[in-house]
Number of protein chains: 2
Amino acid sequence: MTSTPETQLREAGLRVTAGRVVILEALDRLPHADAESLFRAAQEQLPGTSIQSVHNVLASLTESGLLRRIEPAGSPARYERRIGDNHHHIVCTNCGAIGDVDCVHGDAPCLTPSNTNGFTVSTAEITFWGLCAECSALA
Amino acid sequence: MTSTPETQLREAGLRVTAGRVVILEALDRLPHADAESLFRAAQEQLPGTSIQSVHNVLASLTESGLLRRIEPAGSPARYERRIGDNHHHIVCTNCGAIGDVDCVHGDAPCLTPSNTNGFTVSTAEITFWGLCAECSALA
DNA sequence: GCCCTTATCGTGAATGACTCAAAACAAGGG
DNA sequence: CCCTTGTTTTGAGTCATTCACGATAAGGGC
């Protein structure tokens, strides 16, 4: 039950602005979208907006924890409305499409590296690479 | 037994050039270095070199499989002389230092996502985030 | 409902990390 | 030793993102 964009923003202590609401709504339709796609989506409802404003919005929403930012190698940053769970991602090496992967094997094993080299580990992030259904079909 | 840079280059079918040898040697001293650091290291032995040349070298070495390129979120690409094993990395969220992590739990479990959304998975990449020994001490 | 403070947006310029292009150069087979 | 072809150099260009700052609007207080 994701609460409405307005409620979410208020709960995060952020002002409710048209830009933020539009971006949050666009991310429901376009999960894992990058700034550019969100900009194009936002323009339909906010013709006067700019790519910088989209970056502003994404930065504040990410900082407040309303969005999760993912940065697959070789691709611009993508954003998703996070559901609090720590799921992972699978990226198509051909077209860049991204899919969600529910936490692997009951989520515990991968959070425990064998040797940490003195590091204090706080999170683990898994990225799977492969071909999406469409690209596998074409191959 | 890492073979010498010269041998490695020849085996990969690449010409042996001063720049390539210098970069490979620098990566022994600076594992997980980025292009900029390697450029500075290379300048000591090749005063006339340029950052673009370093990128050239890194690109061809990566393509030939002599180097592995890693791109942690929020950091420029790092390079390492790969040993063929599929190890993972741990990145310090404070200073950006990177450590190697031997494959987790006998390497199999993390390569098998629970649901693949129709994707054909070929590789899995795990990035651990935390604080390096130095930064944990300072915190 | 209106004002005022202050967060946010929009415009513009700037940055970092890298890629592209073409001329100068050098590795190494013949 | 020469010639071919892969590399390096020099220089410009790109992309995604950030910085700076005046204009604008959200929303608490009156």
# chains A, B, ... in the order shown; residues from 1 in each chain; ligands from 1

$ residues_around --residues "stretch 67-70 of chain B" --least-positions-apart "5" --cutoff "12 Å" --atoms "only C-alpha atoms (C1' of nucleotides)" --output "MDAnalysis selection string"
(chainID A and resid 72:74) or (chainID B and resid 5 8:9 12 20 23:25 27:28 31:35 55 57:62 75:91 98:100 125:127)

$ calpha_fit_and_write --fixed "chain A" --moving "chain B" --output "CSV table (one decimal) with N, CA and C atoms, in the first residue's frame"
chain,number,residue,atom,x,y,z
B,1,MET,N,0.6,-1.2,-0.3
B,1,MET,CA,-0.1,0.0,-0.1
B,1,MET,C,0.8,1.2,-0.2
B,2,THR,N,1.2,1.6,-1.3
B,2,THR,CA,2.0,2.8,-1.4
B,2,THR,C,1.1,4.0,-1.1
B,3,SER,N,1.4,4.8,-0.2
B,3,SER,CA,0.6,6.0,0.0
B,3,SER,C,0.7,6.9,-1.2
B,4,THR,N,-0.2,7.9,-1.2
B,4,THR,CA,-0.1,8.8,-2.3
B,4,THR,C,1.1,9.7,-2.3
B,5,PRO,N,1.6,10.1,-3.4
B,5,PRO,CA,2.7,11.0,-3.5
B,5,PRO,C,2.6,12.1,-2.5
B,6,GLU,N,1.5,12.8,-2.4
B,6,GLU,CA,1.3,13.9,-1.5
B,6,GLU,C,1.6,13.5,-0.1
B,7,THR,N,1.0,12.4,0.4
B,7,THR,CA,1.2,12.0,1.7
B,7,THR,C,2.6,11.6,2.0
B,8,GLN,N,3.2,10.9,1.1
B,8,GLN,CA,4.6,10.5,1.2
B,8,GLN,C,5.5,11.7,1.4
B,9,LEU,N,5.3,12.7,0.6
B,9,LEU,CA,6.1,13.9,0.7
B,9,LEU,C,5.9,14.6,2.0
B,10,ARG,N,4.7,14.7,2.4
B,10,ARG,CA,4.5,15.4,3.7
B,10,ARG,C,5.1,14.6,4.8
B,11,GLU,N,5.0,13.3,4.8
B,11,GLU,CA,5.6,12.5,5.9
B,11,GLU,C,7.1,12.6,5.9
B,12,ALA,N,7.6,12.9,4.7
B,12,ALA,CA,9.1,13.0,4.7
B,12,ALA,C,9.5,14.4,5.0
B,13,GLY,N,8.6,15.3,5.3
B,13,GLY,CA,8.9,16.6,5.7
B,13,GLY,C,9.3,17.5,4.5
B,14,LEU,N,8.8,17.1,3.3
B,14,LEU,CA,9.1,17.9,2.1
B,14,LEU,C,7.8,18.6,1.7
B,15,ARG,N,8.0,19.7,1.1
B,15,ARG,CA,6.9,20.5,0.5
B,15,ARG,C,6.3,19.7,-0.6
B,16,VAL,N,5.0,19.8,-0.7
B,16,VAL,CA,4.3,19.1,-1.9
B,16,VAL,C,4.3,20.1,-3.1
B,17,THR,N,5.1,19.7,-4.1
B,17,THR,CA,5.1,20.6,-5.3
B,17,THR,C,4.7,19.8,-6.5
B,18,ALA,N,4.3,20.5,-7.5
B,18,ALA,CA,3.8,19.8,-8.7
B,18,ALA,C,4.9,18.9,-9.3
B,19,GLY,N,6.1,19.4,-9.3
B,19,GLY,CA,7.2,18.6,-9.9
B,19,GLY,C,7.4,17.3,-9.2
B,20,ARG,N,7.4,17.4,-7.9
B,20,ARG,CA,7.7,16.2,-7.1
B,20,ARG,C,6.6,15.1,-7.3
B,21,VAL,N,5.3,15.6,-7.3
B,21,VAL,CA,4.2,14.7,-7.5
B,21,VAL,C,4.3,14.0,-8.8
B,22,VAL,N,4.6,14.9,-9.8
B,22,VAL,CA,4.6,14.3,-11.2
B,22,VAL,C,5.7,13.3,-11.3
B,23,ILE,N,6.9,13.5,-10.8
B,23,ILE,CA,8.0,12.6,-10.9
B,23,ILE,C,7.6,11.3,-10.1
B,24,LEU,N,7.0,11.4,-9.0
B,24,LEU,CA,6.7,10.2,-8.2
B,24,LEU,C,5.7,9.4,-9.0
B,25,GLU,N,4.7,10.1,-9.6
B,25,GLU,CA,3.7,9.3,-10.4
B,25,GLU,C,4.3,8.7,-11.6
B,26,ALA,N,5.2,9.4,-12.3
B,26,ALA,CA,5.9,8.9,-13.5
B,26,ALA,C,6.6,7.7,-13.1
B,27,LEU,N,7.2,7.6,-11.9
B,27,LEU,CA,8.0,6.5,-11.6
B,27,LEU,C,7.2,5.2,-11.3
B,28,ASP,N,5.8,5.4,-11.1
B,28,ASP,CA,5.0,4.3,-11.0
B,28,ASP,C,4.8,3.6,-12.4
B,29,ARG,N,4.7,4.5,-13.4
B,29,ARG,CA,4.6,4.0,-14.8
B,29,ARG,C,5.9,3.5,-15.3
B,30,LEU,N,7.0,4.2,-15.0
B,30,LEU,CA,8.3,3.9,-15.5
B,30,LEU,C,9.2,3.5,-14.4
B,31,PRO,N,9.2,2.3,-13.8
B,31,PRO,CA,10.1,2.0,-12.8
B,31,PRO,C,11.5,1.9,-13.4
B,32,HIS,N,12.5,2.2,-12.6
B,32,HIS,CA,13.9,2.2,-13.1
B,32,HIS,C,14.2,3.2,-14.2
B,33,ALA,N,13.5,4.3,-14.2
B,33,ALA,CA,13.7,5.3,-15.2
B,33,ALA,C,14.9,6.2,-14.9
B,34,ASP,N,15.5,6.7,-15.9
B,34,ASP,CA,16.6,7.6,-15.6
B,34,ASP,C,16.1,9.1,-15.7
B,35,ALA,N,17.0,10.0,-15.3
B,35,ALA,CA,16.5,11.4,-15.2
B,35,ALA,C,16.0,11.9,-16.6
B,36,GLU,N,16.6,11.6,-17.6
B,36,GLU,CA,16.2,12.0,-18.9
B,36,GLU,C,14.7,11.5,-19.3
B,37,SER,N,14.4,10.3,-19.0
B,37,SER,CA,13.1,9.7,-19.3
B,37,SER,C,12.1,10.4,-18.4
B,38,LEU,N,12.4,10.6,-17.2
B,38,LEU,CA,11.5,11.3,-16.2
B,38,LEU,C,11.3,12.7,-16.7
B,39,PHE,N,12.3,13.3,-17.2
B,39,PHE,CA,12.2,14.7,-17.6
B,39,PHE,C,11.1,14.7,-18.8
B,40,ARG,N,11.3,13.8,-19.7
B,40,ARG,CA,10.3,13.8,-20.8
B,40,ARG,C,8.9,13.5,-20.4
B,41,ALA,N,8.8,12.6,-19.4
B,41,ALA,CA,7.5,12.3,-18.9
B,41,ALA,C,6.9,13.5,-18.2
B,42,ALA,N,7.7,14.2,-17.4
B,42,ALA,CA,7.3,15.3,-16.6
B,42,ALA,C,6.8,16.5,-17.5
B,43,GLN,N,7.5,16.6,-18.6
B,43,GLN,CA,7.2,17.7,-19.6
B,43,GLN,C,5.7,17.7,-20.0
B,44,GLU,N,5.2,16.5,-20.2
B,44,GLU,CA,3.8,16.4,-20.6
B,44,GLU,C,2.8,17.1,-19.7
B,45,GLN,N,3.1,17.1,-18.4
B,45,GLN,CA,2.3,17.7,-17.4
B,45,GLN,C,2.8,19.1,-17.0
B,46,LEU,N,4.1,19.3,-17.1
B,46,LEU,CA,4.7,20.5,-16.7
B,46,LEU,C,5.6,21.0,-17.8
B,47,PRO,N,5.0,21.6,-18.8
B,47,PRO,CA,5.8,22.0,-20.0
B,47,PRO,C,6.9,22.9,-19.7
B,48,GLY,N,6.9,23.7,-18.6
B,48,GLY,CA,8.0,24.6,-18.3
B,48,GLY,C,9.1,24.0,-17.5
B,49,THR,N,9.1,22.8,-17.2
B,49,THR,CA,10.1,22.2,-16.3
B,49,THR,C,11.4,22.0,-17.1
B,50,SER,N,12.5,21.8,-16.3
B,50,SER,CA,13.8,21.6,-16.9
B,50,SER,C,14.5,20.4,-16.4
B,51,ILE,N,15.5,19.9,-17.1
B,51,ILE,CA,16.2,18.7,-16.6
B,51,ILE,C,16.9,19.0,-15.3
B,52,GLN,N,17.3,20.2,-15.0
B,52,GLN,CA,17.9,20.5,-13.8
B,52,GLN,C,16.9,20.3,-12.6
B,53,SER,N,15.7,20.8,-12.9
B,53,SER,CA,14.7,20.6,-11.8
B,53,SER,C,14.4,19.2,-11.5
B,54,VAL,N,14.4,18.4,-12.6
B,54,VAL,CA,14.2,17.0,-12.4
B,54,VAL,C,15.3,16.4,-11.5
B,55,HIS,N,16.6,16.8,-11.8
B,55,HIS,CA,17.7,16.4,-10.9
B,55,HIS,C,17.5,16.9,-9.5
B,56,ASN,N,17.0,18.1,-9.3
B,56,ASN,CA,16.8,18.6,-8.0
B,56,ASN,C,15.8,17.7,-7.3
B,57,VAL,N,14.7,17.5,-7.9
B,57,VAL,CA,13.6,16.6,-7.3
B,57,VAL,C,14.2,15.3,-7.0
B,58,LEU,N,14.9,14.7,-7.9
B,58,LEU,CA,15.4,13.3,-7.7
B,58,LEU,C,16.4,13.3,-6.5
B,59,ALA,N,17.2,14.4,-6.4
B,59,ALA,CA,18.2,14.4,-5.4
B,59,ALA,C,17.5,14.5,-4.0
B,60,SER,N,16.5,15.4,-3.9
B,60,SER,CA,15.8,15.6,-2.6
B,60,SER,C,15.0,14.3,-2.2
B,61,LEU,N,14.4,13.7,-3.2
B,61,LEU,CA,13.6,12.6,-2.9
B,61,LEU,C,14.5,11.4,-2.5
B,62,THR,N,15.6,11.3,-3.2
B,62,THR,CA,16.5,10.2,-2.8
B,62,THR,C,17.1,10.4,-1.4
B,63,GLU,N,17.4,11.7,-1.1
B,63,GLU,CA,18.0,12.0,0.2
B,63,GLU,C,17.0,11.7,1.3
B,64,SER,N,15.7,12.0,1.0
B,64,SER,CA,14.7,11.7,2.0
B,64,SER,C,14.2,10.3,2.1
B,65,GLY,N,14.8,9.4,1.2
B,65,GLY,CA,14.5,8.0,1.3
B,65,GLY,C,13.2,7.6,0.6
B,66,LEU,N,12.7,8.6,-0.2
B,66,LEU,CA,11.5,8.2,-1.0
B,66,LEU,C,11.8,7.5,-2.2
B,67,LEU,N,13.0,7.7,-2.7
B,67,LEU,CA,13.4,7.0,-3.9
B,67,LEU,C,14.8,6.3,-3.6
B,68,ARG,N,15.0,5.3,-4.4
B,68,ARG,CA,16.3,4.7,-4.4
B,68,ARG,C,17.0,4.9,-5.7
B,69,ARG,N,18.2,5.2,-5.6
B,69,ARG,CA,19.0,5.5,-6.8
B,69,ARG,C,19.9,4.3,-7.1
B,70,ILE,N,19.8,3.8,-8.3
B,70,ILE,CA,20.7,2.7,-8.7
B,70,ILE,C,21.6,3.2,-9.9
B,71,GLU,N,22.8,2.8,-9.9
B,71,GLU,CA,23.7,3.2,-10.9
B,71,GLU,C,24.4,2.0,-11.5
B,72,PRO,N,23.8,1.3,-12.4
B,72,PRO,CA,24.5,0.2,-13.1
B,72,PRO,C,25.6,0.7,-13.9
B,73,ALA,N,26.7,0.0,-14.0
B,73,ALA,CA,27.8,0.3,-14.8
B,73,ALA,C,27.4,0.6,-16.2
B,74,GLY,N,27.9,1.7,-16.8
B,74,GLY,CA,27.7,2.0,-18.2
B,74,GLY,C,26.3,2.6,-18.5
B,75,SER,N,25.6,2.9,-17.4
B,75,SER,CA,24.2,3.5,-17.7
B,75,SER,C,24.1,4.7,-16.7
B,76,PRO,N,23.3,5.7,-17.2
B,76,PRO,CA,23.0,6.8,-16.3
B,76,PRO,C,22.2,6.3,-15.1
B,77,ALA,N,22.2,7.1,-14.0
B,77,ALA,CA,21.5,6.6,-12.8
B,77,ALA,C,20.0,6.4,-13.0
B,78,ARG,N,19.5,5.4,-12.4
B,78,ARG,CA,18.1,5.1,-12.5
B,78,ARG,C,17.5,5.2,-11.1
B,79,TYR,N,16.2,5.5,-11.1
B,79,TYR,CA,15.5,5.7,-9.8
B,79,TYR,C,14.3,4.8,-9.7
B,80,GLU,N,14.0,4.4,-8.5
B,80,GLU,CA,12.8,3.6,-8.3
B,80,GLU,C,12.2,4.0,-7.0
B,81,ARG,N,10.8,3.9,-6.9
B,81,ARG,CA,10.1,4.1,-5.7
B,81,ARG,C,10.4,2.9,-4.8
B,82,ARG,N,11.0,3.1,-3.7
B,82,ARG,CA,11.4,1.9,-3.0
B,82,ARG,C,10.3,1.4,-2.1
B,83,ILE,N,10.3,0.2,-1.9
B,83,ILE,CA,9.3,-0.4,-1.0
B,83,ILE,C,9.8,-0.8,0.3
B,84,GLY,N,11.1,-0.4,0.6
B,84,GLY,CA,11.6,-0.7,1.9
B,84,GLY,C,12.4,-2.0,1.9
B,85,ASP,N,11.9,-2.9,1.0
B,85,ASP,CA,12.6,-4.2,1.0
B,85,ASP,C,14.0,-4.0,0.3
B,86,ASN,N,14.9,-4.9,0.6
B,86,ASN,CA,16.2,-4.7,0.0
B,86,ASN,C,16.3,-5.7,-1.2
B,87,HIS,N,15.6,-5.4,-2.3
B,87,HIS,CA,15.7,-6.2,-3.4
B,87,HIS,C,16.9,-5.9,-4.3
B,88,HIS,N,17.1,-6.7,-5.3
B,88,HIS,CA,18.3,-6.5,-6.2
B,88,HIS,C,17.8,-6.3,-7.6
B,89,HIS,N,18.8,-6.1,-8.5
B,89,HIS,CA,18.4,-5.8,-9.9
B,89,HIS,C,19.1,-6.7,-10.9
B,90,ILE,N,18.5,-6.8,-12.0
B,90,ILE,CA,19.1,-7.6,-13.1
B,90,ILE,C,19.0,-6.7,-14.3
B,91,VAL,N,20.2,-6.5,-15.0
B,91,VAL,CA,20.3,-5.5,-16.0
B,91,VAL,C,20.6,-6.3,-17.3
B,92,CYS,N,19.9,-5.9,-18.4
B,92,CYS,CA,20.1,-6.5,-19.7
B,92,CYS,C,21.3,-5.9,-20.3
B,93,THR,N,22.3,-6.7,-20.6
B,93,THR,CA,23.6,-6.2,-21.2
B,93,THR,C,23.4,-5.7,-22.6
B,94,ASN,N,22.3,-6.1,-23.2
B,94,ASN,CA,22.0,-5.6,-24.6
B,94,ASN,C,21.3,-4.3,-24.7
B,95,CYS,N,20.1,-4.2,-24.0
B,95,CYS,CA,19.3,-3.0,-24.1
B,95,CYS,C,19.2,-2.2,-22.9
B,96,GLY,N,19.8,-2.6,-21.8
B,96,GLY,CA,19.8,-1.8,-20.6
B,96,GLY,C,18.6,-1.9,-19.7
B,97,ALA,N,17.6,-2.7,-20.1
B,97,ALA,CA,16.4,-2.9,-19.3
B,97,ALA,C,16.7,-3.4,-18.0
B,98,ILE,N,16.0,-3.0,-17.0
B,98,ILE,CA,16.3,-3.4,-15.6
B,98,ILE,C,15.0,-4.1,-15.0
B,99,GLY,N,15.3,-5.3,-14.3
B,99,GLY,CA,14.2,-6.0,-13.6
B,99,GLY,C,14.5,-6.1,-12.2
B,100,ASP,N,13.5,-6.2,-11.4
B,100,ASP,CA,13.7,-6.4,-10.0
B,100,ASP,C,13.9,-7.9,-9.7
B,101,VAL,N,14.7,-8.2,-8.7
B,101,VAL,CA,14.9,-9.5,-8.2
B,101,VAL,C,14.7,-9.6,-6.7
B,102,ASP,N,13.8,-10.4,-6.3
B,102,ASP,CA,13.5,-10.4,-4.9
B,102,ASP,C,14.8,-11.0,-4.2
B,103,CYS,N,14.9,-10.7,-2.9
B,103,CYS,CA,16.1,-11.0,-2.3
B,103,CYS,C,16.5,-12.5,-2.4
B,104,VAL,N,17.7,-12.7,-2.7
B,104,VAL,CA,18.2,-14.0,-3.0
B,104,VAL,C,18.3,-14.9,-1.8
B,105,HIS,N,17.8,-16.1,-1.9
B,105,HIS,CA,18.0,-17.1,-0.9
B,105,HIS,C,17.7,-16.6,0.6
B,106,GLY,N,16.6,-16.0,0.8
B,106,GLY,CA,16.3,-15.5,2.1
B,106,GLY,C,17.2,-14.4,2.6
B,107,ASP,N,17.7,-13.7,1.8
B,107,ASP,CA,18.6,-12.5,1.9
B,107,ASP,C,19.8,-12.6,2.8
B,108,ALA,N,20.0,-13.5,3.7
B,108,ALA,CA,21.1,-13.5,4.6
B,108,ALA,C,22.5,-13.9,3.9
B,109,PRO,N,22.6,-14.9,3.2
B,109,PRO,CA,23.9,-15.4,2.8
B,109,PRO,C,24.8,-14.3,2.2
B,110,CYS,N,24.2,-13.6,1.3
B,110,CYS,CA,25.0,-12.7,0.5
B,110,CYS,C,25.5,-11.5,1.3
B,111,LEU,N,24.9,-11.3,2.4
B,111,LEU,CA,25.3,-10.1,3.2
B,111,LEU,C,26.6,-10.4,4.1
B,112,THR,N,27.1,-11.6,3.9
B,112,THR,CA,28.2,-12.0,4.8
B,112,THR,C,29.4,-12.4,3.9
B,113,PRO,N,30.3,-11.4,3.6
B,113,PRO,CA,31.4,-11.8,2.8
B,113,PRO,C,32.4,-12.7,3.6
B,114,SER,N,33.2,-13.4,2.9
B,114,SER,CA,34.1,-14.4,3.7
B,114,SER,C,35.2,-13.6,4.4
B,115,ASN,N,35.9,-12.7,3.7
B,115,ASN,CA,36.9,-12.0,4.3
B,115,ASN,C,36.7,-10.5,4.0
B,116,THR,N,36.7,-9.7,5.0
B,116,THR,CA,36.3,-8.3,4.8
B,116,THR,C,37.5,-7.3,4.7
B,117,ASN,N,38.7,-7.8,4.8
B,117,ASN,CA,39.9,-6.9,4.7
B,117,ASN,C,39.9,-5.8,5.7
B,118,GLY,N,39.3,-6.0,6.8
B,118,GLY,CA,39.3,-5.0,7.8
B,118,GLY,C,38.1,-4.0,7.6
B,119,PHE,N,37.3,-4.2,6.6
B,119,PHE,CA,36.2,-3.3,6.4
B,119,PHE,C,35.0,-3.6,7.3
B,120,THR,N,34.3,-2.6,7.7
B,120,THR,CA,33.0,-2.9,8.4
B,120,THR,C,31.9,-2.8,7.4
B,121,VAL,N,31.3,-4.0,7.1
B,121,VAL,CA,30.3,-4.0,6.0
B,121,VAL,C,29.0,-3.6,6.5
B,122,SER,N,28.3,-2.7,5.8
B,122,SER,CA,27.0,-2.4,6.2
B,122,SER,C,25.9,-2.8,5.2
B,123,THR,N,26.2,-2.8,4.0
B,123,THR,CA,25.1,-3.3,3.0
B,123,THR,C,25.8,-4.1,1.9
B,124,ALA,N,25.0,-4.9,1.3
B,124,ALA,CA,25.4,-5.6,0.1
B,124,ALA,C,24.5,-5.3,-1.1
B,125,GLU,N,25.0,-5.2,-2.2
B,125,GLU,CA,24.2,-4.9,-3.4
B,125,GLU,C,24.6,-5.8,-4.5
B,126,ILE,N,23.5,-6.5,-5.0
B,126,ILE,CA,23.8,-7.5,-6.0
B,126,ILE,C,23.2,-7.1,-7.3
B,127,THR,N,24.0,-7.1,-8.4
B,127,THR,CA,23.6,-6.8,-9.7
B,127,THR,C,23.8,-8.0,-10.6
B,128,PHE,N,22.7,-8.5,-11.1
B,128,PHE,CA,22.8,-9.6,-12.1
B,128,PHE,C,22.8,-9.0,-13.5
B,129,TRP,N,23.6,-9.7,-14.3
B,129,TRP,CA,23.7,-9.3,-15.7
B,129,TRP,C,23.3,-10.4,-16.6
B,130,GLY,N,22.6,-10.1,-17.6
B,130,GLY,CA,22.1,-11.1,-18.6
B,130,GLY,C,21.3,-10.5,-19.7
B,131,LEU,N,20.4,-11.2,-20.3
B,131,LEU,CA,19.6,-10.7,-21.4
B,131,LEU,C,18.1,-10.7,-20.9
B,132,CYS,N,17.4,-9.7,-21.2
B,132,CYS,CA,16.0,-9.6,-20.9
B,132,CYS,C,15.3,-10.6,-21.9
B,133,ALA,N,14.0,-10.9,-21.6
B,133,ALA,CA,13.3,-11.8,-22.4
B,133,ALA,C,13.3,-11.4,-23.9
B,134,GLU,N,13.1,-10.1,-24.1
B,134,GLU,CA,13.0,-9.7,-25.5
B,134,GLU,C,14.4,-9.9,-26.2
B,135,CYS,N,15.4,-9.5,-25.6
B,135,CYS,CA,16.7,-9.6,-26.2
B,135,CYS,C,17.2,-11.1,-26.3
B,136,SER,N,16.8,-11.9,-25.4
B,136,SER,CA,17.1,-13.3,-25.5
B,136,SER,C,16.4,-13.9,-26.8
B,137,ALA,N,15.2,-13.5,-27.0
B,137,ALA,CA,14.4,-14.0,-28.1
B,137,ALA,C,15.1,-13.5,-29.4
B,138,LEU,N,15.6,-12.3,-29.5
B,138,LEU,CA,16.2,-11.8,-30.7
B,138,LEU,C,17.6,-12.4,-31.0
B,139,ALA,N,18.2,-12.9,-29.9
B,139,ALA,CA,19.6,-13.4,-30.1
B,139,ALA,C,19.7,-14.6,-31.0

$ interface_residues --of "chain D" --to "chain A" --cutoff "12 Å" --atoms "only C-alpha atoms (C1' of nucleotides)" --output "list in words"
DC15, DA16, DT17, DT18, DC19, DT24, DA25, DA26 and DG27 of chain D

$ select_by_dssp --residues "chain A" --states "strand (DSSP E)" --output "compact mmCIF listing (two decimals) with N, CA and C atoms, in the first residue's frame"
# COMPACT_ATOMS: atom_id res chain seq x y z
N ALA A 33 13.46 4.30 -14.21
CA ALA A 33 13.68 5.29 -15.25
C ALA A 33 14.89 6.16 -14.90
N ASP A 34 15.51 6.70 -15.93
CA ASP A 34 16.61 7.64 -15.68
C ASP A 34 16.07 9.07 -15.73
N LEU A 67 13.06 7.76 -2.71
CA LEU A 67 13.51 7.06 -3.92
C LEU A 67 14.82 6.35 -3.65
N ARG A 68 15.05 5.34 -4.43
CA ARG A 68 16.33 4.67 -4.38
C ARG A 68 17.01 4.92 -5.72
N ARG A 69 18.26 5.25 -5.64
CA ARG A 69 19.02 5.54 -6.85
C ARG A 69 19.92 4.35 -7.16
N ILE A 70 19.86 3.86 -8.37
CA ILE A 70 20.75 2.77 -8.74
C ILE A 70 21.59 3.19 -9.92
N ARG A 78 19.51 5.38 -12.47
CA ARG A 78 18.09 5.08 -12.55
C ARG A 78 17.51 5.27 -11.17
N TYR A 79 16.20 5.52 -11.13
CA TYR A 79 15.54 5.74 -9.86
C TYR A 79 14.33 4.84 -9.72
N GLU A 80 14.03 4.45 -8.49
CA GLU A 80 12.83 3.65 -8.29
C GLU A 80 12.21 4.03 -6.95
N ARG A 81 10.89 3.90 -6.89
CA ARG A 81 10.19 4.14 -5.63
C ARG A 81 10.45 2.92 -4.80
N HIS A 88 17.17 -6.70 -5.35
CA HIS A 88 18.31 -6.47 -6.21
C HIS A 88 17.86 -6.27 -7.66
N HIS A 89 18.83 -6.14 -8.55
CA HIS A 89 18.47 -5.82 -9.93
C HIS A 89 19.18 -6.70 -10.93
N ILE A 90 18.51 -6.84 -12.05
CA ILE A 90 19.09 -7.58 -13.16
C ILE A 90 19.06 -6.66 -14.36
N VAL A 91 20.21 -6.51 -14.99
CA VAL A 91 20.36 -5.55 -16.07
C VAL A 91 20.64 -6.28 -17.37
N CYS A 92 19.93 -5.88 -18.41
CA CYS A 92 20.14 -6.48 -19.72
C CYS A 92 21.39 -5.87 -20.34
N ILE A 98 16.01 -3.03 -16.99
CA ILE A 98 16.29 -3.45 -15.62
C ILE A 98 15.08 -4.15 -15.03
N GLY A 99 15.31 -5.25 -14.36
CA GLY A 99 14.24 -5.96 -13.69
C GLY A 99 14.54 -6.07 -12.21
N ASP A 100 13.51 -6.24 -11.41
CA ASP A 100 13.71 -6.43 -9.98
C ASP A 100 13.92 -7.90 -9.70
N VAL A 101 14.74 -8.18 -8.70
CA VAL A 101 14.97 -9.55 -8.28
C VAL A 101 14.75 -9.59 -6.78
N THR A 120 34.03 -2.64 7.80
CA THR A 120 32.79 -2.87 8.52
C THR A 120 31.68 -2.83 7.49
N VAL A 121 31.14 -3.98 7.17
CA VAL A 121 30.14 -4.05 6.10
C VAL A 121 28.78 -3.61 6.60
N SER A 122 28.10 -2.77 5.82
CA SER A 122 26.75 -2.40 6.23
C SER A 122 25.70 -2.90 5.25
N THR A 123 25.98 -2.86 3.95
CA THR A 123 24.99 -3.39 3.02
C THR A 123 25.67 -4.15 1.88
N ALA A 124 24.88 -4.97 1.24
CA ALA A 124 25.35 -5.70 0.08
C ALA A 124 24.40 -5.40 -1.06
N GLU A 125 24.98 -5.27 -2.24
CA GLU A 125 24.18 -4.90 -3.41
C GLU A 125 24.54 -5.90 -4.50
N ILE A 126 23.52 -6.56 -5.01
CA ILE A 126 23.80 -7.55 -6.04
C ILE A 126 23.24 -7.08 -7.37
N THR A 127 24.06 -7.11 -8.39
CA THR A 127 23.58 -6.80 -9.73
C THR A 127 23.78 -8.03 -10.60
N PHE A 128 22.71 -8.50 -11.19
CA PHE A 128 22.80 -9.61 -12.12
C PHE A 128 22.88 -9.04 -13.51
N TRP A 129 23.65 -9.68 -14.35
CA TRP A 129 23.77 -9.25 -15.74
C TRP A 129 23.33 -10.39 -16.64
N GLY A 130 22.62 -10.04 -17.68
CA GLY A 130 22.16 -11.07 -18.61
C GLY A 130 21.36 -10.43 -19.73
N LEU A 131 20.48 -11.22 -20.31
CA LEU A 131 19.66 -10.70 -21.40
C LEU A 131 18.20 -10.72 -20.96

$ atom_distance --atom1 "atom C1' of C:DG10" --atom2 "atom C1' of D:DG29"
28.5 Å

$ interface_residues --of "chain C" --to "chain B" --cutoff "9 Å" --atoms "only C-alpha atoms (C1' of nucleotides)" --output "number ranges by chain"
C: 17-18, 26-28

$ select_by_dssp --residues "stretch 6-139 of chain B" --states "helix (DSSP H, G or I)" --output "PyMOL selection string"
chain B and resi 6-11+18-29+35-45+51-63+104-106+109-111+133-138
